$ cat protein07.csv   # CSV, C-alpha atoms (C1' of nucleotides)
chain,number,residue,atom,x,y,z
L,207,MET,CA,6.6,16.4,38.8
L,208,PRO,CA,5.3,17.8,35.6
L,209,HIS,CA,1.7,17.3,34.6
L,210,ARG,CA,1.6,15.4,31.3
L,211,LYS,CA,-1.3,16.6,29.3
L,212,ALA,CA,-3.7,13.9,28.2
L,213,GLN,CA,-3.7,13.5,24.4
L,214,ASN,CA,-6.9,13.6,22.5
L,215,LEU,CA,-7.2,10.1,21.1
L,216,GLU,CA,-10.5,10.5,19.3
L,217,ILE,CA,-10.8,10.2,15.5
L,218,ASP,CA,-12.9,13.0,14.1
L,219,ASN,CA,-14.1,13.8,10.7
L,220,LEU,CA,-11.0,15.7,9.7
L,221,ASP,CA,-8.8,12.6,10.4
L,222,ILE,CA,-11.1,10.5,8.3
L,223,GLN,CA,-10.8,12.9,5.4
L,224,ILE,CA,-7.1,13.1,5.6
L,225,LEU,CA,-6.9,9.3,5.6
L,226,SER,CA,-9.2,9.0,2.7
L,227,ILE,CA,-7.0,11.2,0.6
L,228,LEU,CA,-3.8,9.5,1.5
L,229,MET,CA,-5.2,6.0,1.1
L,230,LYS,CA,-5.8,6.8,-2.5
L,231,ASN,CA,-2.4,8.4,-3.0
L,232,ALA,CA,0.2,8.3,-0.2
L,233,THR,CA,2.4,10.8,-2.0
L,234,THR,CA,-0.1,13.7,-1.8
L,235,PRO,CA,1.7,16.7,-0.2
L,236,TYR,CA,0.5,17.9,3.1
L,237,THR,CA,0.1,21.4,1.7
L,238,GLU,CA,-2.3,20.1,-0.9
L,239,ILE,CA,-4.4,18.2,1.6
L,240,ALA,CA,-4.5,21.3,3.8
L,241,LYS,CA,-5.7,23.4,0.9
L,242,GLU,CA,-8.4,20.9,0.1
L,243,LEU,CA,-9.7,20.6,3.6
L,244,ILE,CA,-9.2,24.3,4.4
L,245,VAL,CA,-6.8,23.9,7.3
L,246,SER,CA,-3.1,24.6,7.8
L,247,GLY,CA,-0.3,22.3,6.8
L,248,GLY,CA,0.7,22.1,10.5
L,249,THR,CA,-2.6,20.7,11.4
L,250,ILE,CA,-2.3,17.9,8.9
L,251,HIS,CA,1.1,17.1,10.4
L,252,VAL,CA,-0.3,17.1,14.0
L,253,ARG,CA,-3.2,14.8,13.0
L,254,MET,CA,-0.9,12.4,11.1
L,255,LYS,CA,1.4,12.2,14.1
L,256,LYS,CA,-1.6,11.4,16.3
L,257,LEU,CA,-2.9,8.7,13.9
L,258,GLU,CA,0.6,7.1,13.8
L,259,GLU,CA,0.9,7.0,17.5
L,260,MET,CA,-2.6,5.5,17.8
L,261,GLY,CA,-1.5,2.8,15.4
L,262,VAL,CA,-4.2,3.6,12.9
L,263,ILE,CA,-1.5,4.2,10.3
L,264,LYS,CA,0.7,1.1,9.8
L,265,GLY,CA,2.9,2.5,7.1
L,266,ALA,CA,3.0,3.3,3.4
L,267,SER,CA,3.8,0.7,0.8
L,268,LEU,CA,4.5,0.8,-2.9
L,269,GLU,CA,1.9,-0.9,-5.1
L,270,VAL,CA,3.5,-2.9,-7.9
L,271,ASP,CA,1.9,-4.9,-10.7
L,272,PRO,CA,3.0,-8.5,-10.0
L,273,GLN,CA,2.3,-9.5,-13.7
L,274,LYS,CA,4.8,-7.0,-15.0
L,275,LEU,CA,7.4,-8.5,-12.7
L,276,GLY,CA,6.8,-12.0,-14.0
L,277,TYR,CA,4.3,-13.2,-11.4
L,278,ASP,CA,1.3,-14.4,-13.5
L,279,ILE,CA,-0.6,-16.7,-11.2
L,280,THR,CA,-2.7,-15.6,-8.2
L,281,ALA,CA,-4.4,-18.5,-6.4
L,282,PHE,CA,-6.4,-19.1,-3.2
L,283,LEU,CA,-5.9,-22.1,-1.0
L,284,GLY,CA,-8.3,-23.7,1.4
L,285,ILE,CA,-6.2,-25.8,3.8
L,286,TYR,CA,-7.5,-28.6,6.0
L,287,LEU,CA,-5.7,-29.2,9.2
L,288,GLU,CA,-5.7,-32.6,11.0
L,289,LYS,CA,-6.4,-30.8,14.3
L,290,GLY,CA,-7.4,-27.1,14.8
L,291,SER,CA,-4.9,-26.9,17.6
L,292,GLN,CA,-2.1,-27.2,15.1
L,293,TYR,CA,-2.9,-23.7,13.7
L,294,GLN,CA,-0.1,-21.7,15.4
L,295,GLU,CA,2.6,-24.3,14.5
L,296,ALA,CA,1.4,-24.5,10.9
L,297,VAL,CA,1.4,-20.7,10.5
L,298,ALA,CA,4.9,-20.4,11.8
L,299,GLN,CA,6.0,-22.8,9.0
L,300,LEU,CA,3.8,-21.2,6.3
L,301,LYS,CA,5.3,-17.8,7.1
L,302,LYS,CA,8.6,-19.0,5.7
L,303,ILE,CA,7.0,-19.6,2.3
L,304,ASN,CA,7.4,-16.2,0.5
L,305,GLU,CA,4.8,-17.0,-2.1
L,306,ILE,CA,2.1,-16.8,0.5
L,307,VAL,CA,1.0,-13.2,0.7
L,308,GLU,CA,-2.0,-13.5,2.9
L,309,LEU,CA,-3.2,-16.0,5.5
L,310,HIS,CA,-6.3,-16.2,7.5
L,311,TYR,CA,-7.8,-18.5,10.2
L,312,THR,CA,-11.4,-18.9,9.0
L,313,THR,CA,-14.7,-20.3,9.9
L,314,GLY,CA,-16.2,-22.9,7.5
L,315,SER,CA,-14.8,-26.0,5.8
L,316,TRP,CA,-11.1,-25.1,6.0
L,317,SER,CA,-9.0,-24.1,9.0
L,318,ILE,CA,-6.7,-21.9,7.0
L,319,PHE,CA,-7.3,-19.8,4.0
L,320,ALA,CA,-4.3,-18.4,2.0
L,321,LYS,CA,-3.6,-16.2,-1.0
L,322,ILE,CA,-0.5,-17.1,-3.0
L,323,VAL,CA,1.3,-15.5,-5.9
L,324,CYS,CA,3.5,-17.5,-8.3
L,325,HIS,CA,5.4,-17.0,-11.5
L,326,ASP,CA,3.6,-19.7,-13.5
L,327,THR,CA,1.7,-23.0,-13.1
L,328,ASN,CA,5.0,-24.9,-12.7
L,329,HIS,CA,6.0,-22.6,-9.9
L,330,LEU,CA,2.5,-23.0,-8.3
L,331,ARG,CA,2.8,-26.8,-8.5
L,332,GLU,CA,6.2,-26.7,-6.9
L,333,VAL,CA,5.0,-24.6,-4.0
L,334,LEU,CA,2.0,-26.7,-3.4
L,335,ASN,CA,3.7,-30.1,-3.6
L,336,GLU,CA,7.0,-29.4,-2.1
L,337,ASN,CA,6.6,-26.5,0.3
L,338,ILE,CA,3.0,-26.5,1.5
L,339,GLN,CA,2.3,-30.2,1.6
L,340,SER,CA,5.3,-30.8,3.8
L,341,VAL,CA,4.1,-28.5,6.6
L,342,SER,CA,3.2,-30.6,9.6
L,343,GLY,CA,-0.5,-30.9,10.4
L,344,ILE,CA,-1.7,-30.1,6.9
L,345,GLN,CA,-4.1,-32.8,5.6
L,346,ARG,CA,-5.0,-31.6,2.1
L,347,THR,CA,-5.6,-28.4,0.2
L,348,GLU,CA,-8.1,-27.0,-2.3
L,349,THR,CA,-6.8,-24.6,-4.9
L,350,PHE,CA,-8.7,-21.8,-6.8
L,351,ILE,CA,-6.9,-19.9,-9.5
L,352,SER,CA,-7.7,-16.3,-10.1
L,353,LEU,CA,-8.3,-15.8,-13.8
L,354,GLU,CA,-9.0,-12.1,-13.4
L,355,GLU,CA,-8.7,-9.6,-10.6
L,356,SER,CA,-11.6,-7.2,-11.1
L,357,ILE,CA,-11.5,-5.3,-7.9
L,358,LYS,CA,-8.5,-4.4,-5.7
L,359,ARG,CA,-8.9,-1.4,-3.4
L,360,GLN,CA,-9.0,-0.3,0.2
L,361,ILE,CA,-12.0,0.2,2.4
L,362,THR,CA,-13.9,3.4,1.9
L,363,LEU,CA,-14.1,5.3,5.1
L,364,GLU,CA,-17.6,6.3,6.2
F,61,MET,CA,12.4,14.7,-37.9
F,62,PRO,CA,14.2,14.2,-34.6
F,63,HIS,CA,15.4,10.7,-33.8
F,64,ARG,CA,13.7,9.6,-30.6
F,65,LYS,CA,16.0,7.5,-28.6
F,66,ALA,CA,14.5,4.1,-27.6
F,67,GLN,CA,14.2,3.8,-23.9
F,68,ASN,CA,15.6,0.8,-22.1
F,69,LEU,CA,12.5,-1.1,-20.8
F,70,GLU,CA,14.3,-4.0,-19.2
F,71,ILE,CA,14.1,-4.5,-15.5
F,72,ASP,CA,17.5,-5.3,-14.1
F,73,ASN,CA,18.8,-6.2,-10.7
F,74,LEU,CA,19.1,-2.6,-9.5
F,75,ASP,CA,15.4,-2.0,-10.2
F,76,ILE,CA,14.5,-5.1,-8.2
F,77,GLN,CA,16.6,-4.0,-5.3
F,78,ILE,CA,15.0,-0.5,-5.3
F,79,LEU,CA,11.5,-2.0,-5.5
F,80,SER,CA,12.3,-4.4,-2.6
F,81,ILE,CA,13.3,-1.6,-0.3
F,82,LEU,CA,10.3,0.6,-1.2
F,83,MET,CA,7.8,-2.2,-1.0
F,84,LYS,CA,8.7,-2.6,2.6
F,85,ASN,CA,8.6,1.1,3.3
F,86,ALA,CA,7.5,3.5,0.7
F,87,THR,CA,8.8,6.5,2.6
F,88,THR,CA,12.4,5.6,2.4
F,89,PRO,CA,14.3,8.6,1.0
F,90,TYR,CA,16.0,8.2,-2.3
F,91,THR,CA,19.3,9.3,-0.8
F,92,GLU,CA,19.2,6.5,1.7
F,93,ILE,CA,18.4,3.9,-1.0
F,94,ALA,CA,21.2,5.3,-3.1
F,95,LYS,CA,23.7,5.0,-0.2
F,96,GLU,CA,22.6,1.4,0.4
F,97,LEU,CA,22.9,0.3,-3.2
F,98,ILE,CA,26.0,2.4,-3.8
F,99,VAL,CA,24.7,4.5,-6.6
F,100,SER,CA,23.7,8.2,-6.8
F,101,GLY,CA,20.4,9.7,-5.9
F,102,GLY,CA,19.8,10.7,-9.5
F,103,THR,CA,20.0,7.1,-10.6
F,104,ILE,CA,17.3,6.1,-8.2
F,105,HIS,CA,15.2,8.9,-9.6
F,106,VAL,CA,15.7,7.8,-13.2
F,107,ARG,CA,14.9,4.2,-12.4
F,108,MET,CA,11.8,5.0,-10.5
F,109,LYS,CA,10.6,7.2,-13.4
F,110,LYS,CA,11.2,4.3,-15.8
F,111,LEU,CA,9.3,1.8,-13.6
F,112,GLU,CA,6.4,4.2,-13.3
F,113,GLU,CA,6.3,4.7,-17.1
F,114,MET,CA,6.4,0.9,-17.5
F,115,GLY,CA,3.4,0.6,-15.2
F,116,VAL,CA,5.3,-1.6,-12.8
F,117,ILE,CA,4.6,0.9,-10.1
F,118,LYS,CA,0.9,1.5,-9.7
F,119,GLY,CA,1.2,4.0,-6.9
F,120,ALA,CA,1.8,4.3,-3.2
F,121,SER,CA,-0.9,3.9,-0.6
F,122,LEU,CA,-1.2,4.3,3.1
F,123,GLU,CA,-1.8,1.2,5.1
F,124,VAL,CA,-4.3,1.6,7.8
F,125,ASP,CA,-5.5,-0.8,10.6
F,126,PRO,CA,-9.2,-1.4,9.7
F,127,GLN,CA,-10.0,-2.6,13.2
F,128,LYS,CA,-8.8,0.8,14.7
F,129,LEU,CA,-11.3,2.5,12.4
F,130,GLY,CA,-14.2,0.4,13.5
F,131,TYR,CA,-14.0,-2.3,10.8
F,132,ASP,CA,-13.9,-5.6,12.8
F,133,ILE,CA,-15.1,-8.2,10.3
F,134,THR,CA,-13.1,-9.5,7.3
F,135,ALA,CA,-14.9,-12.2,5.3
F,136,PHE,CA,-14.5,-14.1,2.1
F,137,LEU,CA,-17.4,-14.8,-0.2
F,138,GLY,CA,-17.8,-17.6,-2.7
F,139,ILE,CA,-20.4,-16.5,-5.2
F,140,TYR,CA,-22.4,-18.8,-7.5
F,141,LEU,CA,-23.6,-17.2,-10.7
F,142,GLU,CA,-26.6,-18.6,-12.7
F,143,LYS,CA,-24.6,-18.4,-15.8
F,144,GLY,CA,-20.8,-17.7,-16.2
F,145,SER,CA,-21.6,-15.2,-19.0
F,146,GLN,CA,-23.2,-12.9,-16.4
F,147,TYR,CA,-19.8,-12.2,-14.9
F,148,GLN,CA,-19.1,-8.7,-16.4
F,149,GLU,CA,-22.6,-7.5,-15.5
F,150,ALA,CA,-22.4,-8.8,-12.0
F,151,VAL,CA,-18.9,-7.2,-11.4
F,152,ALA,CA,-20.2,-3.8,-12.6
F,153,GLN,CA,-22.9,-4.0,-9.9
F,154,LEU,CA,-20.6,-5.4,-7.2
F,155,LYS,CA,-18.1,-2.5,-7.8
F,156,LYS,CA,-20.7,-0.2,-6.3
F,157,ILE,CA,-20.6,-2.0,-3.0
F,158,ASN,CA,-17.8,-0.2,-1.1
F,159,GLU,CA,-17.4,-3.0,1.4
F,160,ILE,CA,-16.0,-5.3,-1.3
F,161,VAL,CA,-12.2,-4.7,-1.3
F,162,GLU,CA,-11.2,-7.5,-3.6
F,163,LEU,CA,-12.9,-9.5,-6.3
F,164,HIS,CA,-11.7,-12.4,-8.5
F,165,TYR,CA,-13.0,-14.5,-11.3
F,166,THR,CA,-11.9,-18.0,-10.3
F,167,THR,CA,-11.7,-21.6,-11.3
F,168,GLY,CA,-13.5,-24.1,-9.1
F,169,SER,CA,-16.9,-24.3,-7.5
F,170,TRP,CA,-17.6,-20.6,-7.5
F,171,SER,CA,-17.6,-18.1,-10.4
F,172,ILE,CA,-16.7,-15.1,-8.2
F,173,PHE,CA,-14.6,-14.9,-5.1
F,174,ALA,CA,-14.7,-11.7,-3.0
F,175,LYS,CA,-13.1,-10.2,0.1
F,176,ILE,CA,-15.3,-8.0,2.1
F,177,VAL,CA,-14.6,-5.7,5.1
F,178,CYS,CA,-17.5,-4.7,7.5
F,179,HIS,CA,-18.0,-2.9,10.8
F,180,ASP,CA,-19.6,-5.8,12.6
F,181,THR,CA,-21.8,-8.9,12.1
F,182,ASN,CA,-24.9,-6.8,11.6
F,183,HIS,CA,-23.2,-4.8,8.9
F,184,LEU,CA,-22.1,-8.0,7.2
F,185,ARG,CA,-25.6,-9.4,7.3
F,186,GLU,CA,-26.9,-6.1,5.7
F,187,VAL,CA,-24.4,-6.2,2.9
F,188,LEU,CA,-25.0,-9.8,2.2
F,189,ASN,CA,-28.8,-9.8,2.3
F,190,GLU,CA,-29.5,-6.3,0.9
F,191,ASN,CA,-26.7,-5.4,-1.4
F,192,ILE,CA,-25.1,-8.6,-2.7
F,193,GLN,CA,-28.2,-10.9,-3.0
F,194,SER,CA,-29.9,-8.2,-5.1
F,195,VAL,CA,-27.2,-8.2,-7.8
F,196,SER,CA,-28.7,-9.8,-10.9
F,197,GLY,CA,-27.3,-13.2,-11.8
F,198,ILE,CA,-26.2,-14.2,-8.3
F,199,GLN,CA,-27.6,-17.5,-7.2
F,200,ARG,CA,-26.3,-17.9,-3.8
F,201,THR,CA,-23.2,-17.2,-1.7
F,202,GLU,CA,-21.0,-19.0,0.8
F,203,THR,CA,-19.4,-16.9,3.6
F,204,PHE,CA,-16.1,-17.5,5.5
F,205,ILE,CA,-15.3,-15.2,8.3
F,206,SER,CA,-11.6,-14.4,9.1
F,207,LEU,CA,-11.0,-14.9,12.8
F,208,GLU,CA,-7.4,-14.0,12.5
F,209,GLU,CA,-5.2,-12.5,9.8
F,210,SER,CA,-1.8,-14.1,10.4
F,211,ILE,CA,0.0,-13.0,7.2
F,212,LYS,CA,-0.4,-9.8,5.2
F,213,ARG,CA,2.5,-8.9,3.0
F,214,GLN,CA,3.7,-8.3,-0.6
F,215,ILE,CA,5.5,-10.7,-2.8
F,216,THR,CA,9.2,-11.1,-2.2
F,217,LEU,CA,11.1,-10.2,-5.4
F,218,GLU,CA,13.5,-13.0,-6.5
K,44,DG,C1',23.6,5.4,-18.1
K,45,DT,C1',25.6,7.5,-14.2
K,46,DT,C1',27.3,11.3,-11.4
K,47,DG,C1',27.3,15.3,-8.3
K,48,DA,C1',25.6,19.6,-7.2
K,49,DA,C1',22.4,23.4,-7.6
K,50,DA,C1',17.3,24.6,-7.6
K,51,DA,C1',12.6,23.8,-6.3
K,52,DG,C1',9.4,21.9,-3.3
K,53,DT,C1',8.0,19.5,1.0
K,54,DG,C1',8.0,18.3,6.0
K,55,DC,C1',9.1,19.7,10.5
K,56,DT,C1',9.5,22.8,14.8
K,57,DG,C1',8.7,26.8,17.7
K,58,DC,C1',6.5,31.0,18.6
K,59,DG,C1',2.3,33.6,18.8
K,60,DA,C1',-2.8,34.0,19.0
A,273,DT,C1',-5.6,24.0,20.2
A,274,DC,C1',-4.6,26.0,15.8
A,275,DG,C1',-2.0,28.8,12.3
A,276,DC,C1',2.1,31.0,10.5
A,277,DA,C1',6.9,31.4,9.3
A,278,DG,C1',11.7,29.9,9.1
A,279,DC,C1',14.8,25.9,8.9
A,280,DA,C1',16.2,21.2,7.5
A,281,DC,C1',15.6,17.7,4.4
A,282,DT,C1',14.2,15.5,0.1
A,283,DT,C1',13.1,15.4,-4.7
A,284,DT,C1',14.1,17.0,-9.1
A,285,DT,C1',16.8,18.8,-12.7
A,286,DC,C1',20.9,19.3,-15.6
A,287,DA,C1',25.5,19.7,-17.4
A,288,DA,C1',29.5,16.8,-17.6
A,289,DC,C1',31.6,12.2,-17.6
$ encode --input "protein07.csv" --output "C-alpha cells"
Amino acid sequence: MPHRKAQNLEIDNLDIQILSILMKNATTPYTEIAKELIVSGGTIHVRMKKLEEMGVIKGASLEVDPQKLGYDITAFLGIYLEKGSQYQEAVAQLKKINEIVELHYTTGSWSIFAKIVCHDTNHLREVLNENIQSVSGIQRTETFISLEESIKRQITLE
Amino acid sequence: MPHRKAQNLEIDNLDIQILSILMKNATTPYTEIAKELIVSGGTIHVRMKKLEEMGVIKGASLEVDPQKLGYDITAFLGIYLEKGSQYQEAVAQLKKINEIVELHYTTGSWSIFAKIVCHDTNHLREVLNENIQSVSGIQRTETFISLEESIKRQITLE
DNA sequence: GTTGAAAAGTGCTGCGA
DNA sequence: TCGCAGCACTTTTCAAC
C-alpha cells in the first residue's frame, strides 16, 4: 500500500500575503503576485490549491453596485420570534425570500437579524408585509433603513 | 473634429444574465457563459467592458472563511452619536479601525450601524473599549453578537 | 451590435534541483 | 519542497457581416 504523504495544513505568512492581494482584487494574475512576493508562479498555484482544499477560500464573486441595477434601498431587520426554538424553521422559510441577502442568529433583543435589499420603498413594504410577516413564528419586526453605506470591505488579515 | 459615437448605456436582459452567472462564480470562463447564453465570446467581452465603464461592476473579490483564518466573532454595533452632525467626522475615524467591515448611516434609534469581525471575545472587548469608545462624538454603543450566519449571498437579479 | 478566428497572456503540470 | 519550462486554456483584439 502506498504511503500517502501528509499535507502541510498550516497557514503561513506567505499564504496571508497572497490572500490579502486577492481579497482586494481577485483578478490579479498569479505571475504578478509571484513577482511582488518574490516567489515563483508555481508556488502561488500550490498555495492557492492548499487554501482551497482547506476551505479557507470559498470562491470568487463579482461585486456589483446594487443602485446602478435599480436596487436603491438597503435595510436591516430585527426580527422577534415567538419562541427561540422556531429559528431553524423560520430560516428555512426566509431563505426563499431573495431580497434577504444576510441573516444572523444573534444575542440581544431580537432572535434574528437580517439585511435586505429592495428596489424602492414600495418594494420594501411588500416584502415586509407580504413575505416576511407571513413566515410562521415571526411575532414582529423592527426596520432600519440605510441612508448611506460609508464602509464596505473585507477583513484585513493580520 | 471626429464624431464620437454615443455608447449604448442601457442594461438589457443579456447583461443581467451575464451578471447573474458571474455573481455566483466570478471565475466562469467567458466561453462557457457564451455557450450558455448562445452568443459569441466576443459579445460577453464587449458587454463586460460596458458594465465596467458604467460602474455596475465594482470588481471581483475572493471570498474567504473568516473562521478558518482565526476570526471567530462577528458582531453588530448600534452607535449613538451626541449630535447627528458629527457623522462625517466619526466615520473618518471609524474607517481606521480595520475590524469594522461595514458601516451605515441609518434611520431609527442609532445614528450609525456597523458590522465588525474579531478574533475572539477579548479582541472584541479591546476594539469596543479602546478603539471605538475613543472616537469623538460617540455616546454609547449596543452590541449584538452573531451566533450563526445562516444566509450570506448577493441580490438575485430580476 | 455581433461574429469567428487569430494573437497575447495566464494557469496548469511534470521534471529537475 | 520549490522553481523552471512547455502545454492547454482563456481573454483580448479585429476585420467582416
$ calpha_fit_and_write --input "protein07.csv" --fixed "chain F" --moving "chain L" --output "short mmCIF file (atom, residue, chain, number, x, y, z; two decimals) with C-alpha atoms, in the frame of the given file"
data_model
loop_
_atom_site.label_atom_id
_atom_site.label_comp_id
_atom_site.auth_asym_id
_atom_site.auth_seq_id
_atom_site.Cartn_x
_atom_site.Cartn_y
_atom_site.Cartn_z
CA MET L 207 12.89 14.90 -37.87
CA PRO L 208 14.63 14.18 -34.65
CA HIS L 209 15.71 10.67 -33.80
CA ARG L 210 13.96 9.60 -30.59
CA LYS L 211 16.24 7.40 -28.63
CA ALA L 212 14.82 4.03 -27.73
CA GLN L 213 14.36 3.67 -23.96
CA ASN L 214 15.79 0.73 -22.16
CA LEU L 215 12.73 -1.11 -20.93
CA GLU L 216 14.47 -4.00 -19.22
CA ILE L 217 14.23 -4.59 -15.45
CA ASP L 218 17.63 -5.34 -14.00
CA ASN L 219 18.79 -6.24 -10.61
CA LEU L 220 19.14 -2.68 -9.43
CA ASP L 221 15.41 -2.00 -10.19
CA ILE L 222 14.46 -5.08 -8.26
CA GLN L 223 16.42 -3.92 -5.25
CA ILE L 224 15.01 -0.49 -5.32
CA LEU L 225 11.49 -1.94 -5.47
CA SER L 226 12.14 -4.28 -2.67
CA ILE L 227 13.13 -1.46 -0.40
CA LEU L 228 10.23 0.74 -1.27
CA MET L 229 7.67 -2.05 -1.07
CA LYS L 230 8.56 -2.42 2.54
CA ASN L 231 8.52 1.31 3.22
CA ALA L 232 7.38 3.75 0.51
CA THR L 233 8.64 6.72 2.49
CA THR L 234 12.34 5.72 2.33
CA PRO L 235 14.31 8.71 0.93
CA TYR L 236 15.99 8.31 -2.36
CA THR L 237 19.28 9.39 -0.82
CA GLU L 238 19.08 6.54 1.64
CA ILE L 239 18.34 3.95 -1.01
CA ALA L 240 21.23 5.30 -3.08
CA LYS L 241 23.57 4.98 -0.13
CA GLU L 242 22.46 1.43 0.47
CA LEU L 243 22.84 0.30 -3.08
CA ILE L 244 25.98 2.38 -3.70
CA VAL L 245 24.66 4.52 -6.53
CA SER L 246 23.70 8.18 -6.88
CA GLY L 247 20.39 9.66 -5.89
CA GLY L 248 19.87 10.66 -9.56
CA THR L 249 20.06 7.12 -10.63
CA ILE L 250 17.34 6.07 -8.24
CA HIS L 251 15.19 8.86 -9.66
CA VAL L 252 15.88 7.78 -13.30
CA ARG L 253 15.04 4.12 -12.50
CA MET L 254 11.83 5.07 -10.63
CA LYS L 255 10.73 7.20 -13.56
CA LYS L 256 11.36 4.26 -15.89
CA LEU L 257 9.43 1.81 -13.65
CA GLU L 258 6.47 4.27 -13.51
CA GLU L 259 6.35 4.68 -17.20
CA MET L 260 6.51 0.89 -17.68
CA GLY L 261 3.54 0.61 -15.36
CA VAL L 262 5.37 -1.60 -12.92
CA ILE L 263 4.68 0.96 -10.21
CA LYS L 264 0.92 1.59 -9.77
CA GLY L 265 1.17 4.04 -6.94
CA ALA L 266 1.75 4.29 -3.21
CA SER L 267 -1.00 3.77 -0.70
CA LEU L 268 -1.30 4.26 3.02
CA GLU L 269 -1.77 1.08 5.06
CA VAL L 270 -4.33 1.52 7.82
CA ASP L 271 -5.51 -0.92 10.48
CA PRO L 272 -9.22 -1.44 9.66
CA GLN L 273 -9.91 -2.68 13.29
CA LYS L 274 -8.77 0.58 14.78
CA LEU L 275 -11.19 2.39 12.50
CA GLY L 276 -14.11 0.28 13.63
CA TYR L 277 -14.05 -2.36 10.90
CA ASP L 278 -13.89 -5.68 12.84
CA ILE L 279 -15.09 -8.27 10.38
CA THR L 280 -13.11 -9.54 7.36
CA ALA L 281 -14.95 -12.24 5.38
CA PHE L 282 -14.55 -14.14 2.10
CA LEU L 283 -17.41 -14.88 -0.21
CA GLY L 284 -17.76 -17.61 -2.76
CA ILE L 285 -20.50 -16.50 -5.18
CA TYR L 286 -22.41 -18.77 -7.54
CA LEU L 287 -23.65 -17.25 -10.70
CA GLU L 288 -26.67 -18.63 -12.65
CA LYS L 289 -24.66 -18.32 -15.89
CA GLY L 290 -20.88 -17.61 -16.26
CA SER L 291 -21.71 -15.13 -18.96
CA GLN L 292 -23.25 -12.86 -16.38
CA TYR L 293 -19.79 -12.14 -14.86
CA GLN L 294 -19.15 -8.68 -16.38
CA GLU L 295 -22.68 -7.41 -15.50
CA ALA L 296 -22.43 -8.75 -11.96
CA VAL L 297 -19.02 -7.13 -11.39
CA ALA L 298 -20.23 -3.79 -12.56
CA GLN L 299 -22.93 -3.96 -9.83
CA LEU L 300 -20.61 -5.39 -7.14
CA LYS L 301 -18.17 -2.54 -7.74
CA LYS L 302 -20.71 -0.15 -6.29
CA ILE L 303 -20.65 -2.01 -2.97
CA ASN L 304 -17.80 -0.28 -1.01
CA GLU L 305 -17.46 -3.09 1.46
CA ILE L 306 -16.05 -5.31 -1.22
CA VAL L 307 -12.33 -4.74 -1.30
CA GLU L 308 -11.25 -7.47 -3.60
CA LEU L 309 -12.92 -9.50 -6.35
CA HIS L 310 -11.71 -12.28 -8.46
CA TYR L 311 -13.07 -14.49 -11.30
CA THR L 312 -11.90 -17.97 -10.24
CA THR L 313 -11.72 -21.50 -11.31
CA GLY L 314 -13.47 -24.09 -9.08
CA SER L 315 -16.92 -24.24 -7.47
CA TRP L 316 -17.70 -20.51 -7.51
CA SER L 317 -17.63 -18.04 -10.39
CA ILE L 318 -16.69 -15.12 -8.22
CA PHE L 319 -14.61 -14.90 -5.15
CA ALA L 320 -14.69 -11.69 -3.00
CA LYS L 321 -13.09 -10.26 0.12
CA ILE L 322 -15.29 -7.95 2.18
CA VAL L 323 -14.69 -5.78 5.20
CA CYS L 324 -17.51 -4.78 7.59
CA HIS L 325 -17.96 -3.01 10.87
CA ASP L 326 -19.66 -5.89 12.69
CA THR L 327 -21.81 -9.00 12.08
CA ASN L 328 -24.93 -6.83 11.71
CA HIS L 329 -23.22 -4.80 9.05
CA LEU L 330 -22.03 -8.05 7.32
CA ARG L 331 -25.59 -9.42 7.36
CA GLU L 332 -26.93 -6.24 5.88
CA VAL L 333 -24.45 -6.27 3.04
CA LEU L 334 -25.03 -9.85 2.25
CA ASN L 335 -28.84 -9.79 2.35
CA GLU L 336 -29.59 -6.44 1.00
CA ASN L 337 -26.75 -5.44 -1.29
CA ILE L 338 -25.16 -8.63 -2.61
CA GLN L 339 -28.19 -10.84 -2.89
CA SER L 340 -29.97 -8.29 -5.01
CA VAL L 341 -27.31 -8.25 -7.75
CA SER L 342 -28.74 -9.82 -10.86
CA GLY L 343 -27.40 -13.24 -11.80
CA ILE L 344 -26.24 -14.15 -8.31
CA GLN L 345 -27.67 -17.54 -7.21
CA ARG L 346 -26.29 -18.00 -3.69
CA THR L 347 -23.19 -17.26 -1.68
CA GLU L 348 -20.91 -19.03 0.80
CA THR L 349 -19.37 -16.95 3.54
CA PHE L 350 -16.08 -17.55 5.50
CA ILE L 351 -15.21 -15.24 8.34
CA SER L 352 -11.63 -14.45 9.06
CA LEU L 353 -11.01 -14.95 12.76
CA GLU L 354 -7.37 -13.97 12.50
CA GLU L 355 -5.17 -12.49 9.82
CA SER L 356 -1.77 -14.09 10.33
CA ILE L 357 -0.02 -13.03 7.22
CA LYS L 358 -0.45 -9.83 5.16
CA ARG L 359 2.49 -8.79 2.98
CA GLN L 360 3.61 -8.23 -0.57
CA ILE L 361 5.41 -10.61 -2.84
CA THR L 362 9.11 -10.97 -2.27
CA LEU L 363 10.98 -10.18 -5.39
CA GLU L 364 13.42 -12.85 -6.56
#
$ interface_residues --input "protein07.csv" --of "chain L" --to "chain F" --cutoff "7 Å" --atoms "only C-alpha atoms" --output "JSON, numbers by chain"
{"L": [228, 229, 230, 231, 232, 233, 262, 263, 264, 265, 266, 267, 268, 269, 270, 271, 274, 304, 305, 307, 308, 309, 310, 311, 312, 313, 314, 350, 351, 352, 353, 354, 355, 356, 357, 358, 359, 360, 361, 362]}
$ atom_distance --input "protein07.csv" --atom1 "atom CA of Lys110 of chain F" --atom2 "atom CA of Thr237 of chain L"
26.9 Å
$ residues_near_point --input "protein07.csv" --point "(27.4, 17.3, -9.5)" --cutoff "12 Å" --atoms "all atoms listed in the file" --output "number ranges by chain"
F: 100-102; K: 45-49; A: 285-289
$ closest_atom_pairs --input "protein07.csv" --of "chain F" --to "chain K" --cutoff "12 Å" --atoms "only C-alpha atoms (C1' of nucleotides)" --output "tab-separated table"
residue	atom	partner	partner_atom	distance
F:Gln67	CA	K:DG44	C1'	11.2
F:Asn68	CA	K:DG44	C1'	10.1
F:Ala94	CA	K:DT46	C1'	11.9
F:Ile98	CA	K:DT45	C1'	11.6
F:Val99	CA	K:DT45	C1'	8.2
F:Ser100	CA	K:DT46	C1'	6.6
F:Gly101	CA	K:DT46	C1'	9.0
F:Gly102	CA	K:DT46	C1'	7.8
F:Thr103	CA	K:DT45	C1'	6.7
F:Ile104	CA	K:DT45	C1'	10.3
F:His105	CA	K:DT45	C1'	11.5
F:Val106	CA	K:DG44	C1'	9.6
F:Arg107	CA	K:DG44	C1'	10.5
$ interface_residues --input "protein07.csv" --of "chain A" --to "chain F" --cutoff "10 Å" --atoms "only C-alpha atoms (C1' of nucleotides)" --output "list in words"
DC281, DT282, DT283, DT284 and DT285 of chain A
